[in-house]
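Colleague: This one is input-v4.pdb, PDB, C-alpha atoms, pLDDT in the B column.
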```pdb
ATOM      1  CA  MET A   5    -112.467 -97.230 -81.102  1.00 48.00           C
ATOM      2  CA  SER A   6    -108.666 -97.039 -81.369  1.00 67.00           C
ATOM      3  CA  ASP A   7    -108.006-100.298 -79.479  1.00 84.00           C
ATOM      4  CA  PRO A   8    -108.640-103.164 -81.953  1.00 81.00           C
ATOM      5  CA  LEU A   9    -109.730-105.352 -79.028  1.00 92.00           C
ATOM      6  CA  ASP A  10    -112.290-102.835 -77.691  1.00 96.00           C
ATOM      7  CA  VAL A  11    -115.536-104.819 -77.315  1.00 97.00           C
ATOM      8  CA  SER A  12    -117.874-101.854 -77.858  1.00 96.00           C
ATOM      9  CA  GLY A  13    -120.685-102.629 -80.269  1.00 96.00           C
ATOM     10  CA  ALA A  14    -123.514-105.013 -81.055  1.00 97.00           C
ATOM     11  CA  TRP A  15    -123.067-108.755 -80.478  1.00 97.00           C
ATOM     12  CA  ASP A  16    -125.127-111.891 -81.094  1.00 97.00           C
ATOM     13  CA  GLY A  17    -124.594-114.915 -78.930  1.00 96.00           C
ATOM     14  CA  ILE A  18    -125.785-118.270 -77.727  1.00 95.00           C
ATOM     15  CA  PHE A  19    -125.382-120.012 -74.385  1.00 94.00           C
ATOM     16  CA  SER A  20    -125.912-123.635 -73.485  1.00 93.00           C
ATOM     17  CA  TYR A  21    -127.806-124.943 -70.490  1.00 87.00           C
ATOM     18  CA  PRO A  22    -126.901-128.013 -68.462  1.00 84.00           C
ATOM     19  CA  ARG A  23    -129.143-131.062 -68.154  1.00 80.00           C
ATOM     20  CA  GLY A  24    -129.876-131.400 -71.856  1.00 82.00           C
ATOM     21  CA  LEU A  25    -131.965-128.219 -72.106  1.00 83.00           C
ATOM     22  CA  PRO A  26    -131.901-126.414 -75.475  1.00 87.00           C
ATOM     23  CA  PRO A  27    -129.381-123.587 -76.048  1.00 91.00           C
ATOM     24  CA  ASN A  28    -130.601-119.994 -75.850  1.00 92.00           C
ATOM     25  CA  GLY A  29    -129.754-117.120 -78.210  1.00 94.00           C
ATOM     26  CA  PHE A  30    -129.250-113.532 -77.093  1.00 96.00           C
ATOM     27  CA  ALA A  31    -128.284-110.108 -78.410  1.00 97.00           C
ATOM     28  CA  CYS A  32    -126.365-107.450 -76.549  1.00 97.00           C
ATOM     29  CA  GLU A  33    -124.889-104.007 -76.899  1.00 98.00           C
ATOM     30  CA  LEU A  34    -121.573-103.486 -75.118  1.00 98.00           C
ATOM     31  CA  ARG A  35    -119.659-100.307 -74.304  1.00 98.00           C
ATOM     32  CA  GLU A  36    -116.029-100.363 -73.208  1.00 97.00           C
ATOM     33  CA  HIS A  37    -114.299 -97.437 -71.497  1.00 96.00           C
ATOM     34  CA  GLY A  38    -110.727 -97.966 -70.300  1.00 92.00           C
ATOM     35  CA  GLY A  39    -111.209-101.693 -69.839  1.00 95.00           C
ATOM     36  CA  ARG A  40    -114.561-101.361 -68.065  1.00 98.00           C
ATOM     37  CA  ILE A  41    -117.577-102.890 -69.816  1.00 98.00           C
ATOM     38  CA  ASP A  42    -121.264-102.088 -69.466  1.00 98.00           C
ATOM     39  CA  GLY A  43    -124.256-102.796 -71.637  1.00 98.00           C
ATOM     40  CA  GLU A  44    -127.653-104.351 -72.119  1.00 98.00           C
ATOM     41  CA  THR A  45    -128.818-107.724 -73.326  1.00 97.00           C
ATOM     42  CA  HIS A  46    -132.105-109.299 -74.311  1.00 97.00           C
ATOM     43  CA  GLU A  47    -133.106-112.863 -75.016  1.00 94.00           C
ATOM     44  CA  ARG A  48    -136.147-115.019 -75.461  1.00 92.00           C
ATOM     45  CA  ALA A  49    -136.714-117.130 -72.345  1.00 85.00           C
ATOM     46  CA  GLU A  50    -136.579-120.808 -73.319  1.00 82.00           C
ATOM     47  CA  VAL A  51    -137.077-122.299 -69.842  1.00 76.00           C
ATOM     48  CA  GLY A  52    -139.055-121.458 -66.716  1.00 76.00           C
ATOM     49  CA  ALA A  53    -142.237-119.513 -66.084  1.00 80.00           C
ATOM     50  CA  ASP A  54    -141.228-116.764 -68.560  1.00 80.00           C
ATOM     51  CA  ARG A  55    -140.805-119.200 -71.458  1.00 85.00           C
ATOM     52  CA  GLY A  56    -141.525-117.513 -74.784  1.00 87.00           C
ATOM     53  CA  THR A  57    -141.156-113.947 -73.502  1.00 89.00           C
ATOM     54  CA  THR A  58    -138.301-111.501 -74.066  1.00 94.00           C
ATOM     55  CA  ILE A  59    -136.251-110.835 -70.949  1.00 93.00           C
ATOM     56  CA  PHE A  60    -133.750-108.025 -70.409  1.00 96.00           C
ATOM     57  CA  ALA A  61    -130.577-107.654 -68.352  1.00 97.00           C
ATOM     58  CA  LEU A  62    -127.762-105.206 -67.634  1.00 98.00           C
ATOM     59  CA  ILE A  63    -124.091-106.110 -68.009  1.00 98.00           C
ATOM     60  CA  GLU A  64    -121.113-104.810 -66.013  1.00 98.00           C
ATOM     61  CA  GLY A  65    -117.571-106.098 -66.164  1.00 98.00           C
ATOM     62  CA  MET A  66    -114.075-105.679 -67.545  1.00 98.00           C
ATOM     63  CA  ARG A  67    -111.693-106.619 -70.318  1.00 98.00           C
ATOM     64  CA  GLN A  68    -107.999-107.074 -69.695  1.00 97.00           C
ATOM     65  CA  GLY A  69    -106.176-108.024 -72.884  1.00 96.00           C
ATOM     66  CA  HIS A  70    -108.106-110.974 -74.279  1.00 97.00           C
ATOM     67  CA  ALA A  71    -109.779-111.863 -70.952  1.00 98.00           C
ATOM     68  CA  VAL A  72    -113.414-110.714 -70.748  1.00 98.00           C
ATOM     69  CA  ARG A  73    -115.426-111.022 -67.532  1.00 98.00           C
ATOM     70  CA  PHE A  74    -118.841-109.596 -66.815  1.00 98.00           C
ATOM     71  CA  THR A  75    -121.929-110.063 -64.672  1.00 98.00           C
ATOM     72  CA  LYS A  76    -125.406-110.152 -66.192  1.00 97.00           C
ATOM     73  CA  ARG A  77    -128.251-109.007 -63.904  1.00 97.00           C
ATOM     74  CA  TYR A  78    -131.786-109.519 -65.144  1.00 94.00           C
ATOM     75  CA  ASP A  79    -134.423-106.774 -64.803  1.00 92.00           C
ATOM     76  CA  ASP A  80    -137.045-109.262 -63.596  1.00 83.00           C
ATOM     77  CA  PRO A  81    -136.960-109.366 -59.760  1.00 82.00           C
ATOM     78  CA  ARG A  82    -137.247-113.177 -59.706  1.00 82.00           C
ATOM     79  CA  ARG A  83    -134.184-113.536 -61.936  1.00 81.00           C
ATOM     80  CA  ALA A  84    -132.288-110.555 -60.458  1.00 81.00           C
ATOM     81  CA  ALA A  85    -131.552-112.575 -57.320  1.00 83.00           C
ATOM     82  CA  HIS A  86    -129.344-114.860 -59.442  1.00 90.00           C
ATOM     83  CA  PRO A  87    -126.629-112.848 -61.252  1.00 95.00           C
ATOM     84  CA  VAL A  88    -124.903-114.697 -64.080  1.00 96.00           C
ATOM     85  CA  LEU A  89    -121.101-114.543 -64.194  1.00 97.00           C
ATOM     86  CA  TYR A  90    -119.472-114.765 -67.647  1.00 98.00           C
ATOM     87  CA  ASP A  91    -115.775-115.557 -68.072  1.00 98.00           C
ATOM     88  CA  GLY A  92    -114.547-115.593 -71.663  1.00 98.00           C
ATOM     89  CA  THR A  93    -111.663-115.109 -74.045  1.00 98.00           C
ATOM     90  CA  LEU A  94    -111.701-112.565 -76.855  1.00 98.00           C
ATOM     91  CA  SER A  95    -110.413-113.910 -80.167  1.00 96.00           C
ATOM     92  CA  ALA A  96    -107.224-112.518 -81.735  1.00 95.00           C
ATOM     93  CA  ASP A  97    -109.253-110.467 -84.245  1.00 93.00           C
ATOM     94  CA  GLY A  98    -111.594-109.125 -81.532  1.00 94.00           C
ATOM     95  CA  ASP A  99    -114.732-110.470 -83.203  1.00 94.00           C
ATOM     96  CA  GLU A 100    -115.628-113.405 -80.940  1.00 96.00           C
ATOM     97  CA  ILE A 101    -115.868-114.066 -77.214  1.00 97.00           C
ATOM     98  CA  ALA A 102    -116.156-117.669 -76.003  1.00 98.00           C
ATOM     99  CA  GLY A 103    -116.148-119.126 -72.521  1.00 98.00           C
ATOM    100  CA  ARG A 104    -118.281-120.235 -69.587  1.00 98.00           C
ATOM    101  CA  TRP A 105    -121.171-118.738 -67.644  1.00 97.00           C
ATOM    102  CA  GLU A 106    -122.229-119.612 -64.103  1.00 97.00           C
ATOM    103  CA  ILE A 107    -124.999-118.912 -61.639  1.00 94.00           C
ATOM    104  CA  ALA A 108    -122.989-119.476 -58.450  1.00 90.00           C
ATOM    105  CA  GLY A 109    -123.587-122.914 -57.018  1.00 84.00           C
ATOM    106  CA  GLN A 110    -126.505-123.640 -59.338  1.00 87.00           C
ATOM    107  CA  TRP A 111    -126.005-123.806 -63.103  1.00 90.00           C
ATOM    108  CA  SER A 112    -123.224-123.319 -65.612  1.00 94.00           C
ATOM    109  CA  GLY A 113    -122.575-123.796 -69.303  1.00 95.00           C
ATOM    110  CA  GLY A 114    -120.715-122.533 -72.339  1.00 96.00           C
ATOM    111  CA  PHE A 115    -121.325-119.399 -74.397  1.00 97.00           C
ATOM    112  CA  ILE A 116    -120.113-117.752 -77.570  1.00 97.00           C
ATOM    113  CA  MET A 117    -120.672-114.193 -78.822  1.00 97.00           C
ATOM    114  CA  VAL A 118    -119.952-112.834 -82.312  1.00 96.00           C
ATOM    115  CA  ARG A 119    -119.629-109.141 -83.115  1.00 96.00           C
ATOM    116  CA  GLN A 120    -122.321-107.955 -85.552  1.00 92.00           C
ATOM    117  CA  GLN A 121    -120.642-104.920 -87.161  1.00 74.00           C
ATOM    118  CA  ARG A 122    -117.284-106.392 -88.034  1.00 60.00           C
ATOM    119  CA  ARG A 123    -118.914-109.578 -89.312  1.00 52.00           C
ATOM    120  CA  GLY A 124    -120.831-107.376 -91.750  1.00 52.00           C
ATOM    121  CA  ALA A 125    -117.694-105.448 -92.698  1.00 53.00           C
ATOM    122  CA  ALA A 126    -115.822-108.706 -93.340  1.00 51.00           C
ATOM    123  CA  ALA A 127    -118.650-109.932 -95.543  1.00 48.00           C
ATOM    124  CA  GLU A 128    -118.601-106.643 -97.476  1.00 51.00           C
ATOM    125  CA  ARG A 129    -114.829-106.964 -98.020  1.00 50.00           C
ATOM    126  CA  LYS A 130    -115.266-110.521 -99.273  1.00 46.00           C
ATOM    127  CA  ILE A 131    -118.007-109.416-101.695  1.00 41.00           C
ATOM    128  CA  ALA A 132    -115.819-106.522-102.898  1.00 47.00           C
ATOM    129  CA  GLU A 133    -112.907-108.913-103.491  1.00 50.00           C
ATOM    130  CA  THR A 134    -115.185-111.255-105.460  1.00 46.00           C
ATOM    131  CA  VAL A 135    -116.457-108.414-107.672  1.00 50.00           C
ATOM    132  CA  ARG A 136    -112.938-107.251-108.616  1.00 46.00           C
TER     133      ARG A 136
END
```
Could I get this file's structure written as structure tokens?

Modeller:
Amino acid sequence: MSDPLDVSGAWDGIFSYPRGLPPNGFACELREHGGRIDGETHERAEVGADRGTTIFALIEGMRQGHAVRFTKRYDDPRRAAHPVLYDGTLSADGDEIAGRWEIAGQWSGGFIMVRQQRRGAAAERKIAETVR
């Protein structure tokens, strides 16, 4: 990963629902190749008929500079009919993506994703500095 903004890797995130529903956590694995993004995500369903189960989706999109856009398509046929569009901004250090998601004409809300690996590396550096 020579580009410091390359989004490849494991991420943890949370997205908010409209209408006062509770936020929902998720985990995903992203791969970036020449600005194109693909990956997988899983989350525990907090609303609807699948509540309490783990649901899976595929991600396809792009990154151009700090702009990150992707579409999440769920594996479940009932959810697959409603792709979720994510439009976010990658932080200067490349460790966080924040923005908005939308199911066209239906729902929308905010989201934030934090890179797992670099967060761990930063914590290790901080511990090493403390020990010195």

Colleague: Mind giving me the straight-line distance from atom CA of A:Tyr90 to atom CA of A:Ile18 in Å, one decimal?

Modeller: 12.4 Å

Colleague: On this structure, which residues satisfy the PyMOL selection byres ((chain A and resi 87) around 9), written as an NGL selection string?

Modeller: :A and (75-78 or 83-86 or 88-89 or 106-108)

Colleague: So which one's closest to A:Ile63, A:Glu36, A:Asp42, A:Asp16, A:Glu100? Using only C-alpha atoms, please.

Modeller: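 Closest residue, counting only C-alpha atoms: A:Asp42.
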
Colleague: If I take atom CA of A:Thr57 and atom CA of A:Glu33, how far is one from the other in Å, to one decimal?

Modeller: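 Computed distance, atom CA of A:Thr57 to atom CA of A:Glu33, equals 19.4 Å.
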
Colleague: A:Met117, A:Leu62, A:Val72, A:Ala31: which is nearest A:Arg48, counting only C-alpha atoms?

Modeller: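 Answer, going by the shortest atom-to-atom distance: A:Ala31.
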
Colleague: Run the PyMOL selection byres ((chain A and resi 45) around 6) against the file shown and list the residues it catches, as a VMD selection string.

Modeller: chain A and resid 31 to 32 44 46 60 to 61

Colleague: One decimal, Å: what's the distance from atom CA of A:Arg82 over to atom CA of A:Val51, could you say?

Modeller: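 Taking atom CA of A:Arg82 and atom CA of A:Val51, their separation equals 13.6 Å.
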
Colleague: For stretch 96-101 of chain A, I'd like the enclosing box, axis-aligned and padded by 6 Å on every side, reported as AutoDock Vina command-line options with centre and edge lengths in Å to one decimal.

Modeller:
```
--center_x -111.5 --center_y -111.6 --center_z -80.7 --size_x 20.6 --size_y 16.9 --size_z 19.0
```

Colleague: Which is closer to A:Ile59 than all the others in A:Asp79, A:Gly24, A:Arg104, A:Leu94, using all atoms listed in the file?

Modeller: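 Result for the nearest residue to A:Ile59: A:Asp79.
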
Colleague: Between A:Pro26, A:Gly13, A:Gly113, A:Gly98, which residue has the minimum interatomic distance to A:Glu50, considering only C-alpha atoms?

Modeller: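 Counting only C-alpha atoms, the residue closest to A:Glu50 is A:Pro26.
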
Colleague: Kindly indicate which residue among A:Gly29, A:His37, A:Asp54, A:Pro8 lies nearest to A:Asp97, using all atoms listed in the file for the distances.

Modeller: A:Pro8

Colleague: Decode the PyMOL selection byres ((chain A and resi 40) around 9) for the given file into explicit residues and return them as a list in words.

Modeller: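 Applying the PyMOL selection byres ((chain A and resi 40) around 9) to the structure shown produces Arg35, Glu36, His37, Gly38, Gly39, Ile41, Asp42, Glu64, Gly65, Met66, Arg67 and Gln68 of chain A.
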
Colleague: Measuring between only C-alpha atoms, which one of A:Ala96, A:Val11, A:Val118, A:Ala102 shows the shortest distance to A:Phe30?

Modeller: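 Closest to A:Phe30 of all the choices is A:Val118.
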